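> I have a structure here, written as structure tokens, and I will follow up with some questions on it.
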Amino acid sequence: MKNYRKIISGRTAVIGIPYLWLLLLFLLPFLIVLKISLAEPIIAIPPYTSLLEWGDSLWPTIKASLGSYLFILEDSLYINAYLSSLKIATISTFIALLVGYAIAYSIAKAPTRWRGILLMLVILPFWTSFLIRVYAWIGILKTEGLLNLLLISLGVIDKPLTIMNTDLAVYIGIVYSYLPFMILPLYANLEKMDFSLLEAAADLGCRPFKAFWTITIPLSLPGILAGCFLVFIPAVGEFVIPDLLGGTQTLMIGKVLWMEFFNNRDWPVASAVAIILLAILVVPIMYYQKSQEKAIS
Amino acid sequence: MTRLTLFNKTSLILGFAFLYIPIIILVVFSFNESKLVTVWGGFSTKWYGELMSNQGIKDAAWVTIKVAFTSSTIATLLGTVAGLVMAKFGRFRGRTLFSGMIYAPMVMPEVIIGLSLLLMFVALSIDRGVMTVTLAHITFSMCYVAVVVQSRMSSYDDSINEAALDLGCTPFKTFFLITLPIILPAVISGWLLSFTLSLDDLVIASFTSGPGSTTLPMKIYSMVRLGVTPEINAVSTILVGLVALGVVAGSLIGKRQKNN
């Protein structure tokens, strides 16, 4: 009894509680997804076959099927959806980096008393509802929307632009929604930068652009990487933005997964779609985790 | 101090215009008399009145508040412990997996988290409802709390704890009398973050909710699917206002703590 008590010391209990929670509600669900992705769809509740079959013998026979994976690999719809998600996420991340860098750099150069309020203005939209911020763009981008009204009344265009329900609207939506995630790590890095290095470079005859390229960018590289991962990884699996702003031809894997699950009710295929998406994202996620841990400690 | 160049000023102005104009337009058009969201028909608060008589929205709002309150409170408890473990417990067996499970949910696409939790609830034959949504929200919120607390704890001076322990204070008491008051601002902002994350979530709630547990984002989403209406603008304005109020209050609490 005494030994038993020693093993479950305070320390183990403190580690154990959150650990157990995450094991049960984060890791276990993934194992179940993996299991169902190897099952076959049937019309029943739940709509998949069980992996283990208990016959007369003592041991169950394993009935795993790669059917769902083969189905995904054979149908070009899924491959195209993965590729197009990666493309849309890459382009959006790049635009967000350009826009975010300009803003973060300018905040870092602003007088100290302004920085707090400017940073707060960046964080505020991040706290407001994602759905609402995406919804706000519908009224602006649609054919009879505010952007077209403005451009027509200014005489810039005569016919309304079609932005809504195109990939362009999805880019705008992703950049807009994820911009704070890009700005915050960039700012955290640029704020610590010693701007006198740039003055020294200028004194030694270095042109401002070259100084920026050879000094500022390398010094802020950890922030650039953290920001890009924070935008890219969730953007690949984004559902709300392509669903509300994108059109029927905008193919993104998050939306495919949603449809497969809610509309087609094919749980094994939806699970296999999730597992492949996870396999694509596992390397960036692990890299992100490593860099975050390093940054904090 | 370096001076702001024209480039800096332009990027700040354009950047903040980009971030705020859509929200401002949304708020302005919630007071529009006309049913058309893009044509101004005069000032009116009639859409807010209409909102008040919409039972579906009121029910959904109530579910959302219940879920957000419960999940953020439990997530703060679990997340604070997890943050403490990450910052101060050094190496232990399974640490890499632990930190992986803390960081991954923050970037993991929501459709994957939602699907995996739903499939687990089905596999364990747990009925979907307010409880399952709450469990799901606790799980991803606690990770955010853990990171906020961890980054606060990493600059925490351990010698005060050692002094308390040397003077015969129990570890438990030391935590509540010394550590907790010092990290309280981080814990509070973790709670606020969890609350808004829960208030915000559409995708994970859609997967994990069942009949009778439609949350406000799910209700708004189904309304948006049917078309843009000033009523959605009105409910959005209320949410944006509440969050802005919360963030300002939170930062004031943080400032007072710092001054003390």
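Going through the structure tokens in order, the chains are called A, B, and so on, while each chain numbers its residues from 1 and the ligands are numbered from 1 in the order shown.
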Return the neighbours of chain A among the residues of chain B, cut-off 6 Å, counting only C-alpha atoms, as a PyMOL selection string.

chain B and resi 8+11-12+22+26+78+82+103+107-109+112+116-117+120+151+200+240

> Taking the DSSP assignment computed from this structure's backbone, write out as a ChimeraX atom specification all residues of stretch 114-283 of chain A that belong to alpha helix (DSSP H).

/A:114-127,130-141,146-153,167-191,196-203,208-211,217-219,221-236,240-244,253-262,267-283

> Which value, in Å to one decimal, gives the distance between atom CA of A:Ile157 and atom CA of B:Leu36?

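Separating atom CA of A:Ile157 from atom CA of B:Leu36 is a distance of 22.7 Å.
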
> Might you pull out every residue within 9 Å of B:Val63, with only C-alpha atoms counted and same-chain residues fewer than 5 positions away left off, and present them as a list in words?

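What passes the distance filter is Lys58, Ala68, Val130, Gly212, Ser213, Thr214, Thr215 and Leu216 of chain B.
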
> If I take atom CA of A:Lys192 and atom CA of A:Leu219, how far is one from the other in Å, to one decimal?

9.6 Å

> I'd like the interatomic distance between atom CA of B:Phe207 and atom CA of A:Ala272, to a tenth of an Å.

16.7 Å

> Find the residues around B:Cys143 up to 10 Å (only C-alpha atoms counted), leave out those fewer than 6 positions away in its own chain, and share them as a VMD selection string.

(chain A and resid 18 22) or (chain B and resid 75 to 76 78 to 80 82 to 83 99 101 to 106 149 190 194)

> Would you mind listing what lies within 12 Å of B:Tyr48 as a list in words, with only C-alpha atoms counted and same-chain residues fewer than 6 positions away left out?

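After dropping sequence-adjacent residues, the list is Val27, Phe29, Ser30, Phe31, Asn32, Glu33, Asn54, Ile57, Pro230, Glu231, Ile232, Asn233, Ala234, Val235, Ser236, Thr237 and Ile238 of chain B.
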
> Keeping C-alpha atoms for every residue in the selection just given, could you write it to a file as an mmCIF file, in the first residue's frame?


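part-v5.cif, freshly written:
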data_model
loop_
_atom_site.group_PDB
_atom_site.id
_atom_site.type_symbol
_atom_site.label_atom_id
_atom_site.label_comp_id
_atom_site.auth_asym_id
_atom_site.auth_seq_id
_atom_site.Cartn_x
_atom_site.Cartn_y
_atom_site.Cartn_z
ATOM 1 C CA VAL B 27 -22.004 46.809 -38.002
ATOM 2 C CA PHE B 29 -25.603 47.715 -42.127
ATOM 3 C CA SER B 30 -27.124 46.051 -39.071
ATOM 4 C CA PHE B 31 -28.850 49.421 -38.468
ATOM 5 C CA ASN B 32 -30.169 49.553 -42.021
ATOM 6 C CA GLU B 33 -33.900 50.022 -42.502
ATOM 7 C CA ASN B 54 -36.465 34.827 -32.980
ATOM 8 C CA ILE B 57 -31.525 32.285 -32.207
ATOM 9 C CA PRO B 230 -29.641 42.351 -41.859
ATOM 10 C CA GLU B 231 -30.704 40.051 -39.045
ATOM 11 C CA ILE B 232 -27.392 38.179 -39.318
ATOM 12 C CA ASN B 233 -25.643 41.546 -39.266
ATOM 13 C CA ALA B 234 -27.505 42.406 -36.059
ATOM 14 C CA VAL B 235 -26.569 39.197 -34.253
ATOM 15 C CA SER B 236 -22.985 39.575 -35.520
ATOM 16 C CA THR B 237 -22.832 43.146 -34.213
ATOM 17 C CA ILE B 238 -23.915 41.995 -30.761
#

> As an NGL selection string, please: the residues near A:Thr216 (cut-off 9 Å, only C-alpha atoms, same-chain neighbours under 3 positions excluded).

:A and (190 or 193 or 195 or 197-198 or 211-213 or 219-221)

> Export N, CA, C and O atoms of the chosen residues as a PDB file, in the first residue's frame?


ATOM      1  N   LEU A 190      10.459  40.854 -34.776  1.00  0.00           N
ATOM      2  CA  LEU A 190      10.995  42.136 -35.249  1.00  0.00           C
ATOM      3  C   LEU A 190      11.163  43.125 -34.104  1.00  0.00           C
ATOM      4  O   LEU A 190      12.051  43.974 -34.136  1.00  0.00           O
ATOM      5  N   MET A 193      14.456  43.132 -32.637  1.00  0.00           N
ATOM      6  CA  MET A 193      15.573  43.437 -33.530  1.00  0.00           C
ATOM      7  C   MET A 193      16.196  44.788 -33.198  1.00  0.00           C
ATOM      8  O   MET A 193      15.501  45.734 -32.824  1.00  0.00           O
ATOM      9  N   PHE A 195      17.532  47.933 -34.487  1.00  0.00           N
ATOM     10  CA  PHE A 195      17.487  48.661 -35.759  1.00  0.00           C
ATOM     11  C   PHE A 195      18.779  49.442 -36.034  1.00  0.00           C
ATOM     12  O   PHE A 195      18.985  49.915 -37.143  1.00  0.00           O
ATOM     13  N   LEU A 197      21.521  48.147 -36.320  1.00  0.00           N
ATOM     14  CA  LEU A 197      22.261  47.327 -37.292  1.00  0.00           C
ATOM     15  C   LEU A 197      22.055  47.868 -38.701  1.00  0.00           C
ATOM     16  O   LEU A 197      22.971  47.899 -39.516  1.00  0.00           O
ATOM     17  N   LEU A 198      20.815  48.314 -38.975  1.00  0.00           N
ATOM     18  CA  LEU A 198      20.520  48.850 -40.305  1.00  0.00           C
ATOM     19  C   LEU A 198      21.257  50.164 -40.521  1.00  0.00           C
ATOM     20  O   LEU A 198      21.734  50.444 -41.617  1.00  0.00           O
ATOM     21  N   ALA A 211      20.207  45.976 -47.299  1.00  0.00           N
ATOM     22  CA  ALA A 211      20.312  45.831 -45.843  1.00  0.00           C
ATOM     23  C   ALA A 211      19.098  45.060 -45.314  1.00  0.00           C
ATOM     24  O   ALA A 211      19.227  44.162 -44.480  1.00  0.00           O
ATOM     25  N   PHE A 212      17.928  45.398 -45.835  1.00  0.00           N
ATOM     26  CA  PHE A 212      16.704  44.705 -45.421  1.00  0.00           C
ATOM     27  C   PHE A 212      16.798  43.217 -45.742  1.00  0.00           C
ATOM     28  O   PHE A 212      16.493  42.364 -44.934  1.00  0.00           O
ATOM     29  N   TRP A 213      17.278  42.950 -46.949  1.00  0.00           N
ATOM     30  CA  TRP A 213      17.334  41.572 -47.445  1.00  0.00           C
ATOM     31  C   TRP A 213      18.384  40.750 -46.723  1.00  0.00           C
ATOM     32  O   TRP A 213      18.194  39.564 -46.472  1.00  0.00           O
ATOM     33  N   LEU A 219      17.244  37.822 -39.703  1.00  0.00           N
ATOM     34  CA  LEU A 219      17.017  37.926 -38.263  1.00  0.00           C
ATOM     35  C   LEU A 219      15.579  37.587 -37.884  1.00  0.00           C
ATOM     36  O   LEU A 219      15.304  37.142 -36.780  1.00  0.00           O
ATOM     37  N   SER A 220      14.650  37.832 -38.808  1.00  0.00           N
ATOM     38  CA  SER A 220      13.249  37.568 -38.462  1.00  0.00           C
ATOM     39  C   SER A 220      12.777  36.218 -38.992  1.00  0.00           C
ATOM     40  O   SER A 220      11.592  35.912 -38.950  1.00  0.00           O
ATOM     41  N   LEU A 221      13.716  35.397 -39.456  1.00  0.00           N
ATOM     42  CA  LEU A 221      13.343  34.113 -40.047  1.00  0.00           C
ATOM     43  C   LEU A 221      12.500  33.212 -39.125  1.00  0.00           C
ATOM     44  O   LEU A 221      11.508  32.622 -39.581  1.00  0.00           O
TER      45      LEU A 221
END
